[in-house]
file work.tsv (TSV, C-alpha atoms)
chain	number	residue	atom	x	y	z
I	972	MET	CA	95.62	57.93	59.22
I	973	ARG	CA	96.36	56.28	55.88
I	974	LEU	CA	92.69	55.55	55.34
I	975	SER	CA	91.72	59.15	55.99
I	976	LEU	CA	94.47	60.34	53.62
I	977	LEU	CA	93.24	57.99	50.87
I	978	LEU	CA	89.66	59.06	51.48
I	979	SER	CA	90.55	62.72	51.26
I	980	LEU	CA	92.49	62.09	48.02
I	981	PHE	CA	89.51	60.19	46.57
I	982	LEU	CA	87.14	63.00	47.46
I	983	ALA	CA	89.51	65.52	45.91
I	984	ILE	CA	89.15	63.87	42.47
I	985	PRO	CA	86.23	65.67	40.85
I	986	ALA	CA	83.62	63.66	39.01
I	987	PHE	CA	83.62	64.63	35.35
I	988	ALA	CA	81.66	63.89	32.24
I	989	GLN	CA	83.32	63.94	28.88
I	990	LEU	CA	82.48	62.80	25.38
I	991	LYS	CA	85.37	61.52	23.32
I	992	TRP	CA	84.66	61.61	19.58
I	993	ASP	CA	86.19	59.20	17.07
I	994	THR	CA	86.35	62.16	14.73
I	995	THR	CA	84.72	65.57	14.68
I	996	GLU	CA	85.30	66.24	10.99
I	997	GLN	CA	84.46	64.14	7.97
I	998	THR	CA	85.05	64.76	4.28
I	999	LEU	CA	82.76	62.75	2.05
I	1000	LYS	CA	82.49	62.56	-1.71
I	1001	PRO	CA	79.05	61.68	-3.08
I	1002	LYS	CA	78.80	59.35	-6.03
I	1003	PRO	CA	76.98	60.38	-9.20
I	1004	GLY	CA	73.26	59.93	-8.59
I	1005	ASP	CA	73.45	60.19	-4.79
I	1006	ARG	CA	70.68	62.32	-3.36
I	1007	GLU	CA	72.01	62.60	0.17
I	1008	ILE	CA	75.25	62.43	2.09
I	1009	VAL	CA	75.32	60.48	5.34
I	1010	ALA	CA	78.01	60.94	7.99
I	1011	THR	CA	78.19	59.07	11.30
I	1012	TYR	CA	79.97	60.60	14.27
I	1013	ARG	CA	80.69	58.10	17.05
I	1014	PHE	CA	81.46	59.04	20.63
I	1015	THR	CA	82.14	57.49	24.03
I	1016	ASN	CA	81.53	58.89	27.47
I	1017	THR	CA	85.06	58.67	28.86
I	1018	GLY	CA	84.15	60.53	32.04
I	1019	THR	CA	83.25	59.21	35.46
I	1020	THR	CA	79.65	60.42	35.49
I	1021	ALA	CA	76.66	60.11	33.19
I	1022	ILE	CA	76.28	62.64	30.44
I	1023	THR	CA	73.16	64.00	28.78
I	1024	ILE	CA	73.10	65.42	25.27
I	1025	ASP	CA	70.56	68.20	25.45
I	1026	ASN	CA	70.73	69.65	21.96
I	1027	VAL	CA	71.98	68.79	18.48
I	1028	HIS	CA	71.72	71.74	16.12
I	1029	THR	CA	72.65	71.80	12.43
I	1030	SER	CA	73.86	74.89	10.56
I	1031	CYS	CA	71.71	74.27	7.50
I	1032	GLY	CA	68.07	73.37	6.92
I	1033	CYS	CA	69.41	70.87	4.38
I	1034	THR	CA	71.01	68.77	7.12
I	1035	THR	CA	69.41	66.67	9.83
I	1036	ALA	CA	71.19	65.05	12.75
I	1037	ALA	CA	69.72	62.05	14.55
I	1038	LEU	CA	70.69	60.87	18.00
I	1039	THR	CA	69.35	57.51	19.20
I	1040	ARG	CA	69.09	58.58	22.85
I	1041	ASN	CA	70.22	61.40	25.10
I	1042	ASP	CA	71.75	59.78	28.22
I	1043	TYR	CA	75.09	57.95	28.31
I	1044	ALA	CA	76.62	56.29	31.35
I	1045	PRO	CA	80.41	56.25	31.84
I	1046	GLY	CA	81.98	54.00	29.20
I	1047	GLU	CA	78.89	53.99	26.99
I	1048	SER	CA	79.10	54.83	23.31
I	1049	GLY	CA	76.65	56.35	20.90
I	1050	GLN	CA	76.48	58.05	17.53
I	1051	ILE	CA	74.99	60.96	15.70
I	1052	VAL	CA	73.95	60.36	12.11
I	1053	ALA	CA	73.95	63.47	9.95
I	1054	ARG	CA	72.12	63.46	6.63
I	1055	MET	CA	72.59	66.23	4.12
I	1056	ASP	CA	70.07	66.56	1.31
I	1057	ILE	CA	72.01	67.33	-1.88
I	1058	GLY	CA	69.09	68.99	-3.69
I	1059	ASN	CA	70.42	71.70	-6.03
I	1060	ARG	CA	73.66	72.00	-4.12
I	1061	THR	CA	76.91	71.82	-6.03
I	1062	GLY	CA	80.55	72.54	-5.31
I	1063	HIS	CA	82.29	72.78	-1.96
I	1064	GLN	CA	79.96	72.57	1.03
I	1065	GLU	CA	80.73	72.83	4.74
I	1066	LYS	CA	78.04	72.02	7.28
I	1067	SER	CA	78.33	72.00	11.04
I	1068	ILE	CA	76.46	70.16	13.77
I	1069	VAL	CA	76.66	71.69	17.23
I	1070	VAL	CA	76.30	69.22	20.11
I	1071	THR	CA	75.53	70.60	23.57
I	1072	THR	CA	75.58	68.57	26.77
I	1073	ARG	CA	73.84	69.38	30.05
I	1074	GLN	CA	77.14	68.98	31.90
I	1075	ASN	CA	79.12	71.40	29.68
I	1076	PRO	CA	76.50	73.69	28.10
I	1077	LYS	CA	79.02	76.46	27.45
I	1078	SER	CA	81.46	74.19	25.62
I	1079	PRO	CA	79.57	72.61	22.74
I	1080	THR	CA	81.28	70.27	20.33
I	1081	VAL	CA	81.20	71.35	16.70
I	1082	LEU	CA	81.10	68.48	14.23
I	1083	ARG	CA	81.92	69.32	10.64
I	1084	LEU	CA	80.79	67.72	7.40
I	1085	LEU	CA	82.77	68.71	4.32
I	1086	THR	CA	81.97	67.68	0.80
I	1087	ASP	CA	82.40	68.57	-2.84
I	1088	ILE	CA	79.28	67.87	-4.82
I	1089	PRO	CA	79.90	67.40	-8.52
I	1090	GLN	CA	77.47	68.85	-11.03
I	1091	PRO	CA	76.31	66.32	-13.68
I	1092	VAL	CA	76.25	69.00	-16.38
I	1093	VAL	CA	78.41	72.12	-16.35
I	1094	MET	CA	77.51	75.17	-18.43
I	1095	LYS	CA	80.00	77.98	-18.83
I	1096	PRO	CA	78.58	80.53	-18.51
I	1097	THR	CA	74.92	79.94	-17.63
I	1098	PHE	CA	73.88	83.28	-19.14
I	1099	VAL	CA	74.88	85.70	-21.86
I	1100	MET	CA	73.95	89.37	-22.03
I	1101	TRP	CA	74.04	92.22	-24.49
I	1102	ALA	CA	73.58	95.84	-23.53
I	1103	LEU	CA	70.94	97.73	-25.48
I	1104	GLY	CA	72.50	98.99	-28.70
I	1105	GLU	CA	75.55	96.71	-28.36
I	1106	SER	CA	76.71	95.07	-31.57
I	1107	PRO	CA	74.84	91.73	-31.83
I	1108	ASN	CA	77.97	89.62	-32.13
I	1109	PRO	CA	77.44	85.98	-31.19
I	1110	LYS	CA	78.28	84.77	-27.69
I	1111	THR	CA	78.97	81.17	-26.73
I	1112	ILE	CA	77.92	78.83	-23.95
I	1113	ASN	CA	79.84	75.57	-23.51
I	1114	ILE	CA	77.86	72.65	-22.10
I	1115	LYS	CA	79.71	69.59	-20.86
I	1116	VAL	CA	78.86	66.39	-18.99
I	1117	THR	CA	81.08	65.85	-15.95
I	1118	ASP	CA	83.27	62.72	-16.05
I	1119	GLY	CA	81.65	59.81	-14.26
I	1120	PHE	CA	78.07	60.81	-14.99
I	1121	ALA	CA	76.09	58.72	-17.50
I	1122	VAL	CA	74.33	61.76	-18.94
I	1123	LYS	CA	73.48	62.27	-22.59
I	1124	LEU	CA	72.84	65.82	-23.78
I	1125	LEU	CA	69.80	65.43	-26.05
I	1126	LYS	CA	69.03	68.87	-27.41
I	1127	VAL	CA	68.92	72.58	-26.73
I	1128	ASP	CA	65.69	74.54	-27.29
I	1129	SER	CA	65.13	78.27	-27.15
I	1130	ASP	CA	61.79	79.78	-26.16
I	1131	ASN	CA	62.35	82.94	-28.26
I	1132	PRO	CA	62.66	82.78	-32.07
I	1133	ASP	CA	64.27	86.23	-32.10
I	1134	ILE	CA	67.33	84.77	-30.41
I	1135	LYS	CA	69.24	82.61	-32.87
I	1136	VAL	CA	70.79	79.48	-31.39
I	1137	GLU	CA	73.32	77.26	-33.21
I	1138	VAL	CA	74.40	74.05	-31.53
I	1139	SER	CA	77.67	72.31	-32.43
I	1140	GLU	CA	78.49	68.89	-31.03
I	1141	ILE	CA	82.08	68.82	-29.86
I	1142	HIS	CA	81.64	65.30	-28.46
I	1143	PRO	CA	78.18	63.97	-29.38
I	1144	GLY	CA	75.90	63.81	-26.36
I	1145	VAL	CA	78.72	64.84	-24.02
I	1146	GLU	CA	79.90	68.31	-24.99
I	1147	LEU	CA	78.12	71.02	-26.93
I	1148	GLU	CA	78.98	74.52	-28.01
I	1149	VAL	CA	75.99	76.81	-28.29
I	1150	LYS	CA	76.40	80.01	-30.31
I	1151	ILE	CA	73.77	82.61	-29.50
I	1152	THR	CA	72.98	85.66	-31.58
I	1153	PRO	CA	70.21	88.19	-30.97
I	1154	LYS	CA	68.49	89.46	-34.13
I	1155	ASP	CA	68.24	92.91	-32.67
I	1156	THR	CA	69.74	94.66	-29.67
I	1157	SER	CA	67.79	97.89	-30.01
I	1158	ARG	CA	65.08	96.64	-27.66
I	1159	PRO	CA	65.04	94.42	-24.58
I	1160	GLU	CA	64.87	90.70	-25.31
I	1161	MET	CA	65.16	87.59	-23.27
I	1162	ALA	CA	65.23	83.87	-23.88
I	1163	THR	CA	65.57	80.73	-21.85
I	1164	LEU	CA	67.58	77.89	-23.34
I	1165	LEU	CA	66.39	74.47	-22.27
I	1166	VAL	CA	69.16	71.88	-22.26
I	1167	ARG	CA	67.45	68.51	-22.26
I	1168	THR	CA	69.16	65.38	-20.98
I	1169	ASP	CA	68.28	61.72	-20.37
I	1170	TYR	CA	69.55	61.76	-16.76
I	1171	PRO	CA	68.50	60.52	-14.29
I	1172	THR	CA	66.43	57.97	-16.17
I	1173	ASP	CA	63.48	58.10	-13.75
I	1174	ASN	CA	63.22	61.89	-13.94
I	1175	PRO	CA	65.37	63.36	-16.74
I	1176	GLN	CA	66.71	66.80	-15.87
I	1177	THR	CA	66.49	69.92	-17.96
I	1178	TYR	CA	69.16	72.55	-17.37
I	1179	TYR	CA	68.58	76.21	-18.06
I	1180	ALA	CA	70.70	78.93	-19.58
I	1181	TYR	CA	69.56	82.51	-20.02
I	1182	VAL	CA	69.88	85.12	-22.72
I	1183	LYS	CA	69.20	88.81	-22.14
I	1184	VAL	CA	69.37	92.03	-24.08
I	1185	LYS	CA	68.93	94.83	-21.56
H	1411	MET	CA	87.30	72.82	19.56
H	1412	THR	CA	85.50	75.67	21.24
H	1413	ALA	CA	88.68	77.70	21.20
H	1414	ALA	CA	89.01	77.12	17.48
H	1415	VAL	CA	85.58	78.60	16.72
H	1416	HIS	CA	85.62	81.36	19.34
H	1417	PRO	CA	85.08	84.76	17.70
H	1418	LYS	CA	87.92	86.28	19.72
H	1419	ARG	CA	90.41	83.49	19.11
H	1420	PRO	CA	94.04	84.56	18.60
H	1421	SER	CA	94.76	85.49	15.01
H	1422	PHE	CA	97.43	82.78	14.65
H	1423	LEU	CA	94.62	80.20	14.91
H	1424	ALA	CA	92.55	81.89	12.23
H	1425	PRO	CA	92.25	80.09	8.90
H	1426	PRO	CA	93.49	82.04	5.89
H	1427	ARG	CA	90.91	84.60	4.81
H	1428	ASP	CA	88.94	83.74	1.69
H	1429	PRO	CA	89.81	86.29	-1.01
H	1430	ASN	CA	86.11	86.57	-1.86
H	1431	GLU	CA	85.09	87.53	1.68
H	1432	VAL	CA	84.46	91.26	2.13
H	1433	THR	CA	83.59	93.50	5.04
H	1434	LEU	CA	80.83	96.09	5.09
H	1435	ALA	CA	83.49	98.78	5.28
H	1436	GLN	CA	85.04	97.49	2.06
H	1437	THR	CA	81.72	97.49	0.22
H	1438	LYS	CA	81.15	101.12	1.21
H	1439	GLN	CA	84.37	102.09	-0.57
H	1440	TRP	CA	83.29	100.55	-3.86
H	1441	PRO	CA	82.07	102.78	-6.66
H	1442	GLY	CA	78.74	101.93	-8.25
H	1443	THR	CA	75.79	100.07	-6.86
H	1444	VAL	CA	76.29	96.78	-5.08
H	1445	LEU	CA	73.71	94.11	-5.80
H	1446	TRP	CA	72.91	92.41	-2.49
H	1447	VAL	CA	71.90	88.75	-2.43
H	1448	ASP	CA	70.25	87.23	0.62
H	1449	ALA	CA	71.07	83.50	0.80
H	1450	ARG	CA	68.90	82.84	3.86
H	1451	SER	CA	65.53	81.12	3.71
H	1452	GLU	CA	62.58	82.89	2.10
H	1453	SER	CA	60.88	83.22	5.50
H	1454	GLU	CA	63.94	84.93	7.03
H	1455	PHE	CA	64.15	87.18	3.96
H	1456	ALA	CA	60.45	88.04	4.25
H	1457	SER	CA	60.94	89.00	7.88
H	1458	GLU	CA	63.80	91.45	7.24
H	1459	HIS	CA	66.54	91.98	4.69
H	1460	VAL	CA	69.02	94.46	3.27
H	1461	THR	CA	67.16	97.07	1.24
H	1462	ASP	CA	66.77	96.01	-2.42
H	1463	ALA	CA	68.38	92.62	-1.79
H	1464	ILE	CA	67.21	89.62	-3.80
H	1465	CYS	CA	66.52	86.28	-2.12
H	1466	LEU	CA	68.58	83.59	-3.87
H	1467	ASN	CA	69.54	80.24	-2.38
H	1468	PHE	CA	69.88	76.60	-3.39
H	1469	GLU	CA	66.18	75.93	-2.80
H	1470	ASN	CA	64.84	78.70	-5.05
H	1471	TRP	CA	67.71	78.97	-7.54
H	1472	THR	CA	65.77	77.87	-10.64
H	1473	GLU	CA	63.00	80.43	-10.21
H	1474	GLN	CA	65.05	83.24	-8.67
H	1475	PHE	CA	68.19	83.24	-10.82
H	1476	PRO	CA	66.34	84.77	-13.83
H	1477	LYS	CA	65.07	87.51	-11.47
H	1478	PHE	CA	68.64	88.03	-10.29
H	1479	LEU	CA	69.67	88.47	-13.95
H	1480	ASP	CA	66.93	91.09	-14.40
H	1481	ARG	CA	68.71	93.18	-11.79
H	1482	TYR	CA	72.32	92.31	-12.59
H	1483	ASN	CA	74.55	94.15	-15.04
H	1484	PRO	CA	77.88	92.67	-16.16
H	1485	GLY	CA	80.75	94.16	-14.19
H	1486	GLN	CA	78.54	94.96	-11.20
H	1487	ARG	CA	79.72	93.78	-7.78
H	1488	VAL	CA	77.47	91.28	-6.05
H	1489	VAL	CA	77.65	90.61	-2.30
H	1490	VAL	CA	75.94	87.58	-0.77
H	1491	TYR	CA	75.08	87.37	2.91
H	1492	CYS	CA	73.55	84.77	5.21
H	1493	SER	CA	72.75	84.80	8.93
H	1494	ALA	CA	76.12	85.20	10.61
H	1495	THR	CA	79.80	84.30	10.44
H	1496	SER	CA	79.09	80.66	11.21
H	1497	CYS	CA	76.80	80.09	8.21
H	1498	GLN	CA	78.44	78.94	5.02
H	1499	LEU	CA	75.59	79.58	2.62
H	1500	SER	CA	76.78	83.00	1.52
H	1501	ARG	CA	80.16	81.59	0.47
H	1502	GLU	CA	78.50	78.68	-1.32
H	1503	ILE	CA	76.06	80.90	-3.21
H	1504	ALA	CA	78.84	83.34	-4.13
H	1505	ASP	CA	80.82	80.33	-5.46
H	1506	LYS	CA	77.80	79.22	-7.50
H	1507	LEU	CA	77.30	82.72	-8.90
H	1508	ARG	CA	80.92	82.90	-10.02
H	1509	ALA	CA	80.62	79.43	-11.59
H	1510	SER	CA	77.55	80.72	-13.43
H	1511	GLY	CA	79.48	83.63	-14.92
H	1512	VAL	CA	78.99	86.41	-12.34
H	1513	GLU	CA	82.63	87.37	-12.03
H	1514	ASP	CA	82.49	89.83	-9.12
H	1515	ALA	CA	80.53	87.79	-6.57
H	1516	TYR	CA	81.65	88.12	-2.94
H	1517	PHE	CA	80.28	87.16	0.46
H	1518	LEU	CA	79.86	89.37	3.50
H	1519	GLU	CA	81.91	88.79	6.65
H	1520	GLY	CA	79.53	88.44	9.59
H	1521	GLY	CA	76.44	88.26	7.38
H	1522	TRP	CA	73.09	89.75	8.35
H	1523	GLU	CA	74.20	89.92	11.98
H	1524	ALA	CA	77.09	92.24	11.06
H	1525	TRP	CA	74.79	94.35	8.89
H	1526	GLN	CA	72.36	94.82	11.77
H	1527	GLN	CA	75.11	95.59	14.29
H	1528	GLN	CA	76.33	98.41	12.11
H	1529	ASN	CA	72.83	99.88	11.96
H	1530	HIS	CA	72.43	99.81	8.25
H	1531	PRO	CA	68.96	100.54	6.89

call {"tool": "encode", "arguments": {"input": "work.tsv", "output": "C-alpha cells"}}
result
Amino acid sequence: MRLSLLLSLFLAIPAFAQLKWDTTEQTLKPKPGDREIVATYRFTNTGTTAITIDNVHTSCGCTTAALTRNDYAPGESGQIVARMDIGNRTGHQEKSIVVTTRQNPKSPTVLRLLTDIPQPVVMKPTFVMWALGESPNPKTINIKVTDGFAVKLLKVDSDNPDIKVEVSEIHPGVELEVKITPKDTSRPEMATLLVRTDYPTDNPQTYYAYVKVK
Amino acid sequence: MTAAVHPKRPSFLAPPRDPNEVTLAQTKQWPGTVLWVDARSESEFASEHVTDAICLNFENWTEQFPKFLDRYNPGQRVVVYCSATSCQLSREIADKLRASGVEDAYFLEGGWEAWQQQNHP
C-alpha cells in the first residue's frame, strides 16, 4: 500500500527542464580603444531532464552570440558569449540575445547587454547651415577630446576656399573652437571640414563636420 | 522574463515611455514634412521602405550623413524607424542625430512593422 502510494506520488512529479541564469542583464563600459564588448552569460540546467538550446538570436547584426554546445544534462552548466562590434557606435546601446530551448520554445529567455560607448572626439554640432540669402554671420563648432582618450587634435582643413574657417585653440590639442563664415549665401555652397587627429596611432582617425548653404 | 517583454503586458510593468518616441498617429498631426530615416540595413531598405526615407545607420553614417543633410532643413522633424518595437537602432540613431545637432529627431513606436500594419504607402 505504502509502496504504491509512494510510486504514484513519484509518477505525479512531472519531469521538467529549466535553465537558471547567473544573470540575464549586463551593463558593460568599454575602455578607450576597445573595439568590441564581450559579455558572458552563464547558466545551469536546474531541471530534472536534459535541455537542448535550439536557437540563439541577436537583435543586431553588430552582435554575435556563441554557444559551445546545445545539449545540457540536469546539473550541467554552460555559457553564451556575446560579442558586440563597437564600429561607429556611440552613446547608449541596448542589445538583446534571445535564447530558445526545444523544451520551452514559446518561452524564450531574453538576455540583455547594455553599454554606453564614449566618443573619443565630440563635435557640437557636427554641421552648420545657412539658408539661401541669410546673413552670412559666423557659426561655431566646438571640438573636444573626451576625458580618458589620448587623442591630439592636429588640425582642421576645409575642402572649399569659399567657406572661411578660423580655428582657435581653447586647450591646445584637446579643445578647439572653429568659426565658420560663408563668403556668400546667395548661392548654394557646401564644405566638409576634416578634423585630423593622431588617434589611434595605428590608424589615425579623421572626423568630419559639414557646412551647407542651401 | 517573457511576461516582461510581452506586447500585451499590463501597463504597470511598462517602462517609462521615452519622450522621443512617437506614434504614427502623432506624426500625422504634425505640420510640415517629416523627414523619415530608415535605420535598418541597406538590404532591408532596398527591399522596401517608407516613401522618400533615407537609409542611415551606424554602418553607413560617414557616407550617408551628408546625403541626410542635403534633405534636412533646420527645424524640420525627423523620425527614425527600424524593424519593430524590439529593435533599438531607431532610438540609437535618433540619439546620434540629436547629438549631431538635429534637434527634432524622434523614433517611431513599432517601427517598420507598425508602418506596414497601418497600410501606409

call {"tool": "interface_residues", "arguments": {"input": "work.tsv", "of": "chain I", "to": "chain H", "cutoff": "7 Å", "atoms": "all atoms listed in the file", "output": "JSON, numbers by chain"}}
result
{"I": [1030, 1059, 1060, 1064, 1065, 1078, 1079, 1080, 1081, 1095, 1096, 1097]}

call {"tool": "write_last_selection", "arguments": {"input": "work.tsv", "atoms": "C-alpha atoms", "output": "PDB file, keeping the file's coordinate frame"}}
result
ATOM      1  CA  SER I1030      73.860  74.890  10.560  1.00  0.00           C
ATOM      2  CA  ASN I1059      70.420  71.700  -6.030  1.00  0.00           C
ATOM      3  CA  ARG I1060      73.660  72.000  -4.120  1.00  0.00           C
ATOM      4  CA  GLN I1064      79.960  72.570   1.030  1.00  0.00           C
ATOM      5  CA  GLU I1065      80.730  72.830   4.740  1.00  0.00           C
ATOM      6  CA  SER I1078      81.460  74.190  25.620  1.00  0.00           C
ATOM      7  CA  PRO I1079      79.570  72.610  22.740  1.00  0.00           C
ATOM      8  CA  THR I1080      81.280  70.270  20.330  1.00  0.00           C
ATOM      9  CA  VAL I1081      81.200  71.350  16.700  1.00  0.00           C
ATOM     10  CA  LYS I1095      80.000  77.980 -18.830  1.00  0.00           C
ATOM     11  CA  PRO I1096      78.580  80.530 -18.510  1.00  0.00           C
ATOM     12  CA  THR I1097      74.920  79.940 -17.630  1.00  0.00           C
TER      13      THR I1097
END

call {"tool": "residues_near_point", "arguments": {"input": "work.tsv", "point": "(73.6, 95.6, -2.0)", "cutoff": "8 Å", "atoms": "only C-alpha atoms", "output": "mmCIF file with C-alpha atoms, in the coordinates of the input"}}
result
data_model
loop_
_atom_site.group_PDB
_atom_site.id
_atom_site.type_symbol
_atom_site.label_atom_id
_atom_site.label_comp_id
_atom_site.auth_asym_id
_atom_site.auth_seq_id
_atom_site.Cartn_x
_atom_site.Cartn_y
_atom_site.Cartn_z
ATOM 1 C CA THR H 1443 75.790 100.070 -6.860
ATOM 2 C CA VAL H 1444 76.290 96.780 -5.080
ATOM 3 C CA LEU H 1445 73.710 94.110 -5.800
ATOM 4 C CA TRP H 1446 72.910 92.410 -2.490
ATOM 5 C CA VAL H 1447 71.900 88.750 -2.430
ATOM 6 C CA VAL H 1460 69.020 94.460 3.270
ATOM 7 C CA THR H 1461 67.160 97.070 1.240
ATOM 8 C CA ASP H 1462 66.770 96.010 -2.420
ATOM 9 C CA ALA H 1463 68.380 92.620 -1.790
ATOM 10 C CA VAL H 1488 77.470 91.280 -6.050
ATOM 11 C CA VAL H 1489 77.650 90.610 -2.300
#

call {"tool": "atom_distance", "arguments": {"input": "work.tsv", "atom1": "CA of Val1184 in chain I", "atom2": "CA of Phe1517 in chain H"}}
result
27.3 Å

call {"tool": "closest_residue", "arguments": {"input": "work.tsv", "among": "I:Gln1074, I:Gln1176, I:Thr1117, I:Thr1011", "to": "Arg1054 in chain I", "atoms": "all atoms listed in the file"}}
result
I:Thr1011

call {"tool": "closest_residue", "arguments": {"input": "work.tsv", "among": "H:Gln1486, H:Gln1439, H:Ser1453, H:Ser1493", "to": "Glu1523 in chain H", "atoms": "all atoms listed in the file"}}
result
H:Ser1493

call {"tool": "residues_around", "arguments": {"input": "work.tsv", "residues": "Asp1448 in chain H", "least_positions_apart": "6", "cutoff": "8 Å", "atoms": "all atoms listed in the file", "output": "ChimeraX atom specification"}}
result
/H:1455,1459-1460,1463-1467,1490-1492,1500

call {"tool": "atom_distance", "arguments": {"input": "work.tsv", "atom1": "CA of Ile1008 in chain I", "atom2": "CA of Ala1036 in chain I"}}
result
11.7 Å

call {"tool": "decode", "arguments": {"input": "work.tsv", "residues": "range 1420-1480 of chain H", "atoms": "C-alpha atoms", "output": "mmCIF file, in the first residue's frame"}}
result
data_model
loop_
_atom_site.group_PDB
_atom_site.id
_atom_site.type_symbol
_atom_site.label_atom_id
_atom_site.label_comp_id
_atom_site.auth_asym_id
_atom_site.auth_seq_id
_atom_site.Cartn_x
_atom_site.Cartn_y
_atom_site.Cartn_z
ATOM 1 C CA PRO H 1420 -0.049 45.116 -18.050
ATOM 2 C CA SER H 1421 0.761 48.806 -18.222
ATOM 3 C CA PHE H 1422 2.116 48.868 -14.655
ATOM 4 C CA LEU H 1423 5.026 46.721 -15.889
ATOM 5 C CA ALA H 1424 5.789 49.046 -18.776
ATOM 6 C CA PRO H 1425 8.976 51.086 -18.543
ATOM 7 C CA PRO H 1426 8.503 54.850 -18.683
ATOM 8 C CA ARG H 1427 7.956 55.993 -22.250
ATOM 9 C CA ASP H 1428 10.908 57.703 -23.905
ATOM 10 C CA PRO H 1429 9.941 61.324 -24.618
ATOM 11 C CA ASN H 1430 11.471 60.998 -28.084
ATOM 12 C CA GLU H 1431 9.305 58.022 -29.057
ATOM 13 C CA VAL H 1432 6.370 58.933 -31.300
ATOM 14 C CA THR H 1433 3.460 57.060 -32.814
ATOM 15 C CA LEU H 1434 2.384 57.189 -36.437
ATOM 16 C CA ALA H 1435 -0.784 58.958 -35.340
ATOM 17 C CA GLN H 1436 1.289 61.693 -33.713
ATOM 18 C CA THR H 1437 3.408 62.218 -36.819
ATOM 19 C CA LYS H 1438 0.258 62.655 -38.910
ATOM 20 C CA GLN H 1439 -0.768 65.590 -36.719
ATOM 21 C CA TRP H 1440 2.475 67.459 -37.296
ATOM 22 C CA PRO H 1441 2.558 70.374 -39.699
ATOM 23 C CA GLY H 1442 5.225 70.348 -42.389
ATOM 24 C CA THR H 1443 7.051 67.473 -43.970
ATOM 25 C CA VAL H 1444 8.574 64.773 -41.811
ATOM 26 C CA LEU H 1445 11.964 63.501 -42.907
ATOM 27 C CA TRP H 1446 11.928 59.718 -42.469
ATOM 28 C CA VAL H 1447 15.138 57.878 -41.644
ATOM 29 C CA ASP H 1448 15.399 54.118 -42.068
ATOM 30 C CA ALA H 1449 17.949 52.725 -39.589
ATOM 31 C CA ARG H 1450 17.715 49.143 -40.866
ATOM 32 C CA SER H 1451 20.358 47.514 -43.035
ATOM 33 C CA GLU H 1452 20.826 48.675 -46.614
ATOM 34 C CA SER H 1453 19.473 45.349 -47.910
ATOM 35 C CA GLU H 1454 16.259 45.696 -45.869
ATOM 36 C CA PHE H 1455 15.958 49.306 -47.053
ATOM 37 C CA ALA H 1456 16.456 48.237 -50.671
ATOM 38 C CA SER H 1457 13.708 45.656 -50.304
ATOM 39 C CA GLU H 1458 11.076 48.098 -49.010
ATOM 40 C CA HIS H 1459 10.946 51.368 -47.111
ATOM 41 C CA VAL H 1460 8.819 54.369 -46.244
ATOM 42 C CA THR H 1461 8.451 56.579 -49.305
ATOM 43 C CA ASP H 1462 11.259 59.170 -49.530
ATOM 44 C CA ALA H 1463 13.038 57.771 -46.471
ATOM 45 C CA ILE H 1464 16.819 57.918 -46.307
ATOM 46 C CA CYS H 1465 18.854 54.911 -45.181
ATOM 47 C CA LEU H 1466 21.115 55.982 -42.303
ATOM 48 C CA ASN H 1467 22.663 53.658 -39.733
ATOM 49 C CA PHE H 1468 25.913 53.165 -37.846
ATOM 50 C CA GLU H 1469 27.471 51.219 -40.726
ATOM 51 C CA ASN H 1470 26.897 53.852 -43.429
ATOM 52 C CA TRP H 1471 26.904 57.000 -41.286
ATOM 53 C CA THR H 1472 30.019 58.609 -42.806
ATOM 54 C CA GLU H 1473 28.783 58.399 -46.391
ATOM 55 C CA GLN H 1474 25.063 58.854 -45.736
ATOM 56 C CA PHE H 1475 25.018 61.693 -43.201
ATOM 57 C CA PRO H 1476 25.984 64.311 -45.860
ATOM 58 C CA LYS H 1477 23.098 62.986 -48.002
ATOM 59 C CA PHE H 1478 20.814 63.311 -44.996
ATOM 60 C CA LEU H 1479 21.937 66.950 -44.673
ATOM 61 C CA ASP H 1480 21.081 67.529 -48.350
#
